[in-house]
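Colleague: For reference, the file query-v6.cif (mmCIF, C-alpha atoms) is included below:
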data_protein
#
loop_
_atom_site.label_atom_id
_atom_site.label_comp_id
_atom_site.auth_asym_id
_atom_site.auth_seq_id
_atom_site.Cartn_x
_atom_site.Cartn_y
_atom_site.Cartn_z
CA MET A 90 -47.84 16.87 -82.96
CA THR A 91 -50.11 13.94 -83.74
CA ASN A 92 -51.36 13.13 -87.23
CA THR A 93 -54.91 13.93 -86.09
CA GLY A 94 -53.73 17.37 -84.98
CA LYS A 95 -52.00 17.99 -88.30
CA GLU A 96 -55.08 16.90 -90.25
CA ARG A 97 -57.25 19.20 -88.13
CA ILE A 98 -54.94 22.13 -88.88
CA LYS A 99 -54.87 21.31 -92.61
CA ALA A 100 -58.68 21.16 -92.67
CA SER A 101 -58.85 24.54 -90.95
CA ILE A 102 -56.43 26.11 -93.45
CA LYS A 103 -58.30 24.55 -96.41
CA LYS A 104 -61.53 26.18 -95.14
CA LYS A 105 -59.72 29.54 -95.13
CA ILE A 106 -58.54 28.96 -98.72
CA THR A 107 -62.10 28.13 -99.79
CA ALA A 108 -63.45 31.23 -98.02
CA TYR A 109 -60.94 33.54 -99.71
CA ALA A 110 -61.57 31.89 -103.10
CA LEU A 111 -65.30 32.48 -102.64
CA VAL A 112 -64.72 36.15 -101.74
CA ALA A 113 -62.49 36.57 -104.82
CA PHE A 114 -65.16 34.97 -107.03
CA LEU A 115 -68.00 37.08 -105.61
CA SER A 116 -66.03 40.32 -105.93
CA SER A 117 -65.22 39.45 -109.56
CA ALA A 118 -68.94 38.88 -110.16
CA LEU A 119 -69.68 42.23 -108.50
CA LEU A 120 -67.18 43.94 -110.80
CA ILE A 121 -68.78 42.42 -113.91
CA ILE A 122 -72.29 43.34 -112.80
CA SER A 123 -71.36 46.91 -111.82
CA GLN A 124 -69.90 47.64 -115.25
CA ARG A 125 -73.12 46.77 -117.11
CA PRO A 126 -74.87 49.79 -118.69
CA SER A 127 -78.20 48.63 -117.23
CA ILE A 128 -76.77 49.10 -113.72
CA ALA A 129 -75.22 52.51 -114.52
CA SER A 130 -78.59 53.72 -115.82
CA LEU A 131 -80.17 53.08 -112.40
CA TYR A 132 -78.27 55.99 -110.89
CA ALA A 133 -80.08 59.36 -110.80
CA LYS A 134 -76.99 61.23 -112.07
CA SER A 135 -74.32 59.97 -114.50
CA GLY A 136 -71.62 61.49 -112.28
CA HIS A 137 -72.74 59.21 -109.42
CA ALA A 138 -72.64 56.19 -111.75
CA ASP A 139 -69.07 57.01 -112.81
CA PHE A 140 -68.01 57.49 -109.19
CA MET A 141 -69.57 54.22 -108.01
CA GLN A 142 -68.17 52.24 -110.93
CA GLY A 143 -64.71 53.58 -110.20
CA PHE A 144 -65.16 52.86 -106.50
CA VAL A 145 -66.21 49.28 -107.19
CA VAL A 146 -63.23 48.73 -109.53
CA GLY A 147 -60.80 50.00 -106.88
CA MET A 148 -62.47 47.99 -104.13
CA VAL A 149 -62.45 44.76 -106.16
CA ILE A 150 -58.78 45.20 -107.10
CA ALA A 151 -57.87 45.61 -103.43
CA ILE A 152 -59.98 42.60 -102.42
CA GLU A 153 -58.48 40.43 -105.18
CA ILE A 154 -54.92 41.37 -104.17
CA VAL A 155 -55.63 40.43 -100.56
CA CYS A 156 -57.35 37.18 -101.55
CA VAL A 157 -54.56 36.09 -103.92
CA TYR A 158 -51.92 36.88 -101.28
CA GLN A 159 -53.75 34.96 -98.55
CA ILE A 160 -54.54 31.98 -100.78
CA SER A 161 -50.92 31.67 -101.95
CA LYS A 162 -49.70 32.02 -98.33
CA TYR A 163 -52.00 29.23 -97.16
CA ILE A 164 -51.23 26.96 -100.12
CA ASN A 165 -47.50 27.33 -99.40
CA ALA A 166 -48.17 26.56 -95.75
CA LEU A 167 -49.93 23.31 -96.67
CA LYS A 168 -46.67 22.12 -98.24
CA ASP A 169 -44.48 23.04 -95.24
CA GLU A 170 -45.41 21.61 -91.82
CA LYS A 171 -43.51 24.24 -89.86
CA LYS A 172 -45.22 27.12 -91.73
CA LEU A 173 -48.56 25.34 -91.31
CA ILE A 174 -48.21 25.14 -87.54
CA ARG A 175 -47.01 28.73 -87.32
CA ILE A 176 -49.95 30.08 -89.37
CA TYR A 177 -52.43 28.00 -87.36
CA ASN A 178 -50.95 29.32 -84.10
CA GLU A 179 -51.19 32.92 -85.39
CA LEU A 180 -54.85 32.41 -86.31
CA ASN A 181 -55.76 30.88 -82.94
CA ASP A 182 -53.35 32.60 -80.55
CA GLU A 183 -55.22 33.42 -77.31
CA ARG A 184 -53.60 36.82 -76.86
CA LEU A 185 -54.30 37.91 -80.46
CA CYS A 186 -57.90 36.67 -80.15
CA GLN A 187 -58.37 38.74 -76.99
CA ILE A 188 -56.86 41.80 -78.69
CA GLU A 189 -59.24 41.33 -81.65
CA SER A 190 -62.15 40.98 -79.25
CA LEU A 191 -61.29 44.16 -77.33
CA SER A 192 -60.63 46.05 -80.60
CA GLY A 193 -63.97 44.90 -81.98
CA LYS A 194 -65.82 46.03 -78.87
CA SER A 195 -64.22 49.48 -78.99
CA ALA A 196 -64.74 49.76 -82.75
CA VAL A 197 -68.45 48.93 -82.48
CA GLU A 198 -69.02 51.49 -79.73
CA PHE A 199 -67.09 54.21 -81.54
CA THR A 200 -68.77 53.45 -84.88
CA ALA A 201 -72.22 53.62 -83.27
CA ILE A 202 -71.52 57.07 -81.87
CA VAL A 203 -70.11 58.31 -85.20
CA LEU A 204 -73.12 56.95 -87.13
CA LEU A 205 -75.51 58.68 -84.75
CA ILE A 206 -73.70 62.02 -85.02
CA LEU A 207 -73.55 61.73 -88.83
CA ALA A 208 -77.26 60.91 -88.97
CA LEU A 209 -78.04 64.06 -87.00
CA ILE A 210 -75.77 66.25 -89.14
CA VAL A 211 -76.93 64.79 -92.47
CA SER A 212 -80.61 65.15 -91.46
CA PHE A 213 -80.33 68.84 -92.41
CA ILE A 214 -79.20 67.89 -95.94
CA SER A 215 -80.82 64.63 -97.04
CA PHE A 216 -83.63 62.59 -95.51
CA GLU A 217 -82.61 59.44 -97.46
CA ALA A 218 -79.04 59.64 -96.19
CA THR A 219 -80.31 60.05 -92.63
CA ILE A 220 -82.42 56.90 -92.99
CA ALA A 221 -79.41 55.06 -94.41
CA PHE A 222 -77.26 55.99 -91.40
CA LEU A 223 -80.00 55.04 -88.95
CA ALA A 224 -80.48 51.73 -90.79
CA ALA A 225 -76.73 51.05 -90.52
CA LEU A 226 -76.89 51.88 -86.80
CA THR A 227 -79.83 49.51 -86.32
CA ILE A 228 -78.04 46.69 -88.19
CA LEU A 229 -74.93 47.30 -86.07
CA PHE A 230 -76.98 47.04 -82.87
CA ILE A 231 -78.85 43.88 -83.97
CA THR A 232 -75.63 42.20 -85.14
CA LYS A 233 -73.81 43.01 -81.89
CA LYS A 234 -76.73 41.76 -79.79
CA SER A 235 -77.06 38.57 -81.85
CA CYS A 236 -73.34 37.83 -81.51
CA SER A 237 -73.53 38.50 -77.78
CA ILE A 238 -76.41 36.03 -77.36
CA TYR A 239 -74.68 33.43 -79.54
CA TYR A 240 -71.34 33.59 -77.70
CA THR A 241 -73.04 33.66 -74.29
CA ARG A 242 -74.49 30.25 -75.15
CA THR A 243 -71.50 28.73 -76.94
CA TYR A 244 -68.29 30.24 -75.60
CA SER A 245 -66.34 27.81 -73.44
CA GLY A 246 -63.16 29.75 -72.92
CA GLU A 247 -61.14 27.62 -75.37
CA MET B 41 -46.82 37.95 -63.59
CA LYS B 42 -43.20 37.04 -63.02
CA ASN B 43 -41.97 33.74 -64.38
CA LYS B 44 -38.89 31.66 -65.19
CA ILE B 45 -39.68 30.97 -68.83
CA LYS B 46 -36.70 32.89 -70.23
CA GLU B 47 -34.22 31.07 -68.00
CA LEU B 48 -35.81 27.69 -68.72
CA ARG B 49 -35.85 28.41 -72.43
CA LYS B 50 -32.16 29.39 -72.49
CA ALA B 51 -31.22 26.38 -70.37
CA ASN B 52 -32.94 24.15 -72.94
CA LYS B 53 -31.45 26.10 -75.89
CA LEU B 54 -34.88 27.02 -77.21
CA SER B 55 -35.73 30.17 -79.12
CA GLN B 56 -38.98 32.01 -78.46
CA SER B 57 -40.27 30.89 -81.87
CA GLU B 58 -39.45 27.26 -81.16
CA LEU B 59 -41.18 27.34 -77.78
CA ALA B 60 -44.17 29.11 -79.35
CA ASP B 61 -44.50 26.43 -82.04
CA ILE B 62 -44.32 23.68 -79.41
CA VAL B 63 -46.99 25.11 -77.08
CA GLY B 64 -49.27 26.37 -79.88
CA THR B 65 -48.92 30.11 -79.63
CA THR B 66 -46.98 32.95 -81.29
CA ARG B 67 -43.51 34.31 -80.60
CA GLN B 68 -45.07 37.66 -79.66
CA THR B 69 -47.19 36.03 -76.96
CA ILE B 70 -44.16 34.21 -75.52
CA THR B 71 -42.30 37.56 -75.44
CA SER B 72 -45.22 39.24 -73.68
CA ILE B 73 -45.45 36.43 -71.10
CA GLU B 74 -41.70 36.50 -70.40
CA VAL B 75 -41.64 40.24 -69.71
CA GLY B 76 -44.80 40.01 -67.61
CA LYS B 77 -46.97 42.09 -69.94
CA TYR B 78 -49.41 39.26 -70.56
CA THR B 79 -50.79 36.59 -68.23
CA ALA B 80 -51.13 33.22 -69.95
CA SER B 81 -54.39 31.30 -69.71
CA LEU B 82 -54.47 28.16 -67.56
CA GLY B 83 -54.19 25.94 -70.63
CA LEU B 84 -51.21 27.77 -72.09
CA ALA B 85 -49.47 27.98 -68.69
CA TYR B 86 -49.89 24.23 -68.27
CA LYS B 87 -48.48 23.51 -71.77
CA ILE B 88 -45.41 25.67 -71.06
CA ALA B 89 -44.79 24.11 -67.65
CA HIS B 90 -45.41 20.61 -68.96
CA HIS B 91 -42.87 21.12 -71.76
CA PHE B 92 -40.18 21.89 -69.16
CA ASN B 93 -41.35 18.98 -66.96
CA MET B 94 -42.32 21.35 -64.17
CA THR B 95 -45.51 22.40 -62.41
CA ILE B 96 -47.25 25.70 -63.14
CA GLU B 97 -46.31 26.97 -59.67
CA GLU B 98 -42.63 26.25 -60.35
CA VAL B 99 -42.63 28.22 -63.61
CA PHE B 100 -44.94 31.12 -62.70
CA ASP B 101 -44.65 33.29 -59.59
CA PHE B 102 -48.11 33.67 -58.06
CA GLY B 103 -46.78 35.80 -55.20
CA SER B 104 -47.76 39.02 -56.98
CA LEU B 105 -51.36 37.77 -57.35
CA GLU B 106 -51.58 36.99 -53.63
CA ASP B 107 -50.30 40.50 -52.82
CA GLU B 108 -53.05 42.00 -55.04
CA ASN B 109 -55.74 40.02 -53.20
CA LEU B 110 -54.52 41.33 -49.85
#
Let me see the file written as structure tokens.

Modeller:
Amino acid sequence: MTNTGKERIKASIKKKITAYALVAFLSSALLIISQRPSIASLYAKSGHADFMQGFVVGMVIAIEIVCVYQISKYINALKDEKKLIRIYNELNDERLCQIESLSGKSAVEFTAIVLLILALIVSFISFEATIAFLAALTILFITKKSCSIYYTRTYSGE
Amino acid sequence: MKNKIKELRKANKLSQSELADIVGTTRQTITSIEVGKYTASLGLAYKIAHHFNMTIEEVFDFGSLEDENL
């Protein structure tokens, strides 16, 4: 492999490290903000506040564990050329990319159907929850359509 | 699609991981190509053939594709 190729791979891995570091930082900020009494007081019921604070703590812990693992994996790879090439190949493997693409397509279709059914069921219980589900469905549709337009214009098969 | 990758690999004393690293893919993809479960893209097929100093047609058997078209 040429030096240019190696530098390109290193740059790609460094971007991943930066992205994970940013996610770790933002989730830490979210944890700090969510624990403030002024945020807890915004909830209609104290039970909901306790639940959401606990949920956020659990979510942030899981995110931080994943971020630390990935960052340490990538930093180790930067020191070892063989590991670096292997990780880069795993991230850009054509077969894995196609599998992710097919999985994503199926996941979006299935999620849309589930959201619609939940919106219909929940409409008997809570109007706000129904609107939330329909909003999620709308965002899902807009995001999928936007991605489709973007990749139609940019995808070259490589 | 049938191919001669396994034989070529063994003749050159290459493991699946080593071949994968050379052509820029994963060991799992090389395994899938060898057993005919996955059809490599043109670019990947060329890299594999080029590594063994052969043409794509010499490494991959396109006979099955021609039978499908008939």

Colleague: Per residue of chain B within 6 Å of chain A, note the shortest atom pair and the distance in Å to one decimal, counting all atoms listed in the file, and order the rows by chain and increasing residue number, as a tab-separated table.

Modeller:
residue	atom	partner	partner_atom	distance
B:Gly64	CA	A:Asn178	CA	5.4
B:Thr65	CA	A:Asn178	CA	5.0
B:Thr66	CA	A:Glu179	CA	5.9

Colleague: Suppose a student applies the PyMOL selection byres ((chain B and resi 79) around 12) to this structure; what residues should they get, written as a ChimeraX atom specification?

Modeller: /A:183-184,187 /B:41-43,69-78,80-85,100-102,104-105

Colleague: Using the chain letters and numbers from this file, what does the PyMOL selection byres ((chain A and resi 223) around 10) select? Give the answer as an mmCIF file with C-alpha atoms, in the coordinates of the input.

Modeller:
data_model
loop_
_atom_site.group_PDB
_atom_site.id
_atom_site.type_symbol
_atom_site.label_atom_id
_atom_site.label_comp_id
_atom_site.auth_asym_id
_atom_site.auth_seq_id
_atom_site.Cartn_x
_atom_site.Cartn_y
_atom_site.Cartn_z
ATOM 1 C CA ALA A 201 -72.220 53.620 -83.270
ATOM 2 C CA LEU A 204 -73.120 56.950 -87.130
ATOM 3 C CA LEU A 205 -75.510 58.680 -84.750
ATOM 4 C CA LEU A 207 -73.550 61.730 -88.830
ATOM 5 C CA ALA A 208 -77.260 60.910 -88.970
ATOM 6 C CA LEU A 209 -78.040 64.060 -87.000
ATOM 7 C CA GLU A 217 -82.610 59.440 -97.460
ATOM 8 C CA ALA A 218 -79.040 59.640 -96.190
ATOM 9 C CA THR A 219 -80.310 60.050 -92.630
ATOM 10 C CA ILE A 220 -82.420 56.900 -92.990
ATOM 11 C CA ALA A 221 -79.410 55.060 -94.410
ATOM 12 C CA PHE A 222 -77.260 55.990 -91.400
ATOM 13 C CA ALA A 224 -80.480 51.730 -90.790
ATOM 14 C CA ALA A 225 -76.730 51.050 -90.520
ATOM 15 C CA LEU A 226 -76.890 51.880 -86.800
ATOM 16 C CA THR A 227 -79.830 49.510 -86.320
ATOM 17 C CA ILE A 228 -78.040 46.690 -88.190
ATOM 18 C CA LEU A 229 -74.930 47.300 -86.070
#

Colleague: CA of His91 in chain B and CA of Val63 in chain B, how far apart in Å?

Modeller: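 We find that CA of Val63 in chain B and CA of His91 in chain B lie 7.8 Å from each other.
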
Colleague: Just the number, please: distance in Å from CA of Ile210 in chain A to CA of Lys233 in chain A, one decimal.

Modeller: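 So the two atoms, CA of Ile210 in chain A and CA of Lys233 in chain A, lie 24.4 Å apart.
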
Colleague: I want to know what sits within 10 Å of range 151-167 of chain A, based on only C-alpha atoms, with residues of the same chain fewer than 2 positions away left out; could you give that as a PyMOL selection string?

Modeller: chain A and resi 98-100+102-103+105-114+116-117+145-149+169-177

Colleague: Please give the centre and size of the box around range 185-204 of chain A (axis-aligned, containing every atom listed in the file, 4 Å added per side), with values in Å to one decimal and written as AutoDock Vina command-line options.

Modeller:
--center_x -63.7 --center_y 47.5 --center_z -82.1 --size_x 26.8 --size_y 29.6 --size_z 18.1

Colleague: How many Å lie between CA of Leu191 in chain A and CA of Ser237 in chain A, rounded to one decimal?

Modeller: 13.5 Å

Colleague: Compare A:Thr200, A:Ile150, A:Gln142, A:Lys95 by their minimum atom-to-atom distance to Gln124 in chain A, counting only C-alpha atoms, and give me the closest one.

Modeller: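 Ranking A:Thr200, A:Ile150, A:Gln142, A:Lys95 by distance to Gln124 in chain A, first place goes to A:Gln142.
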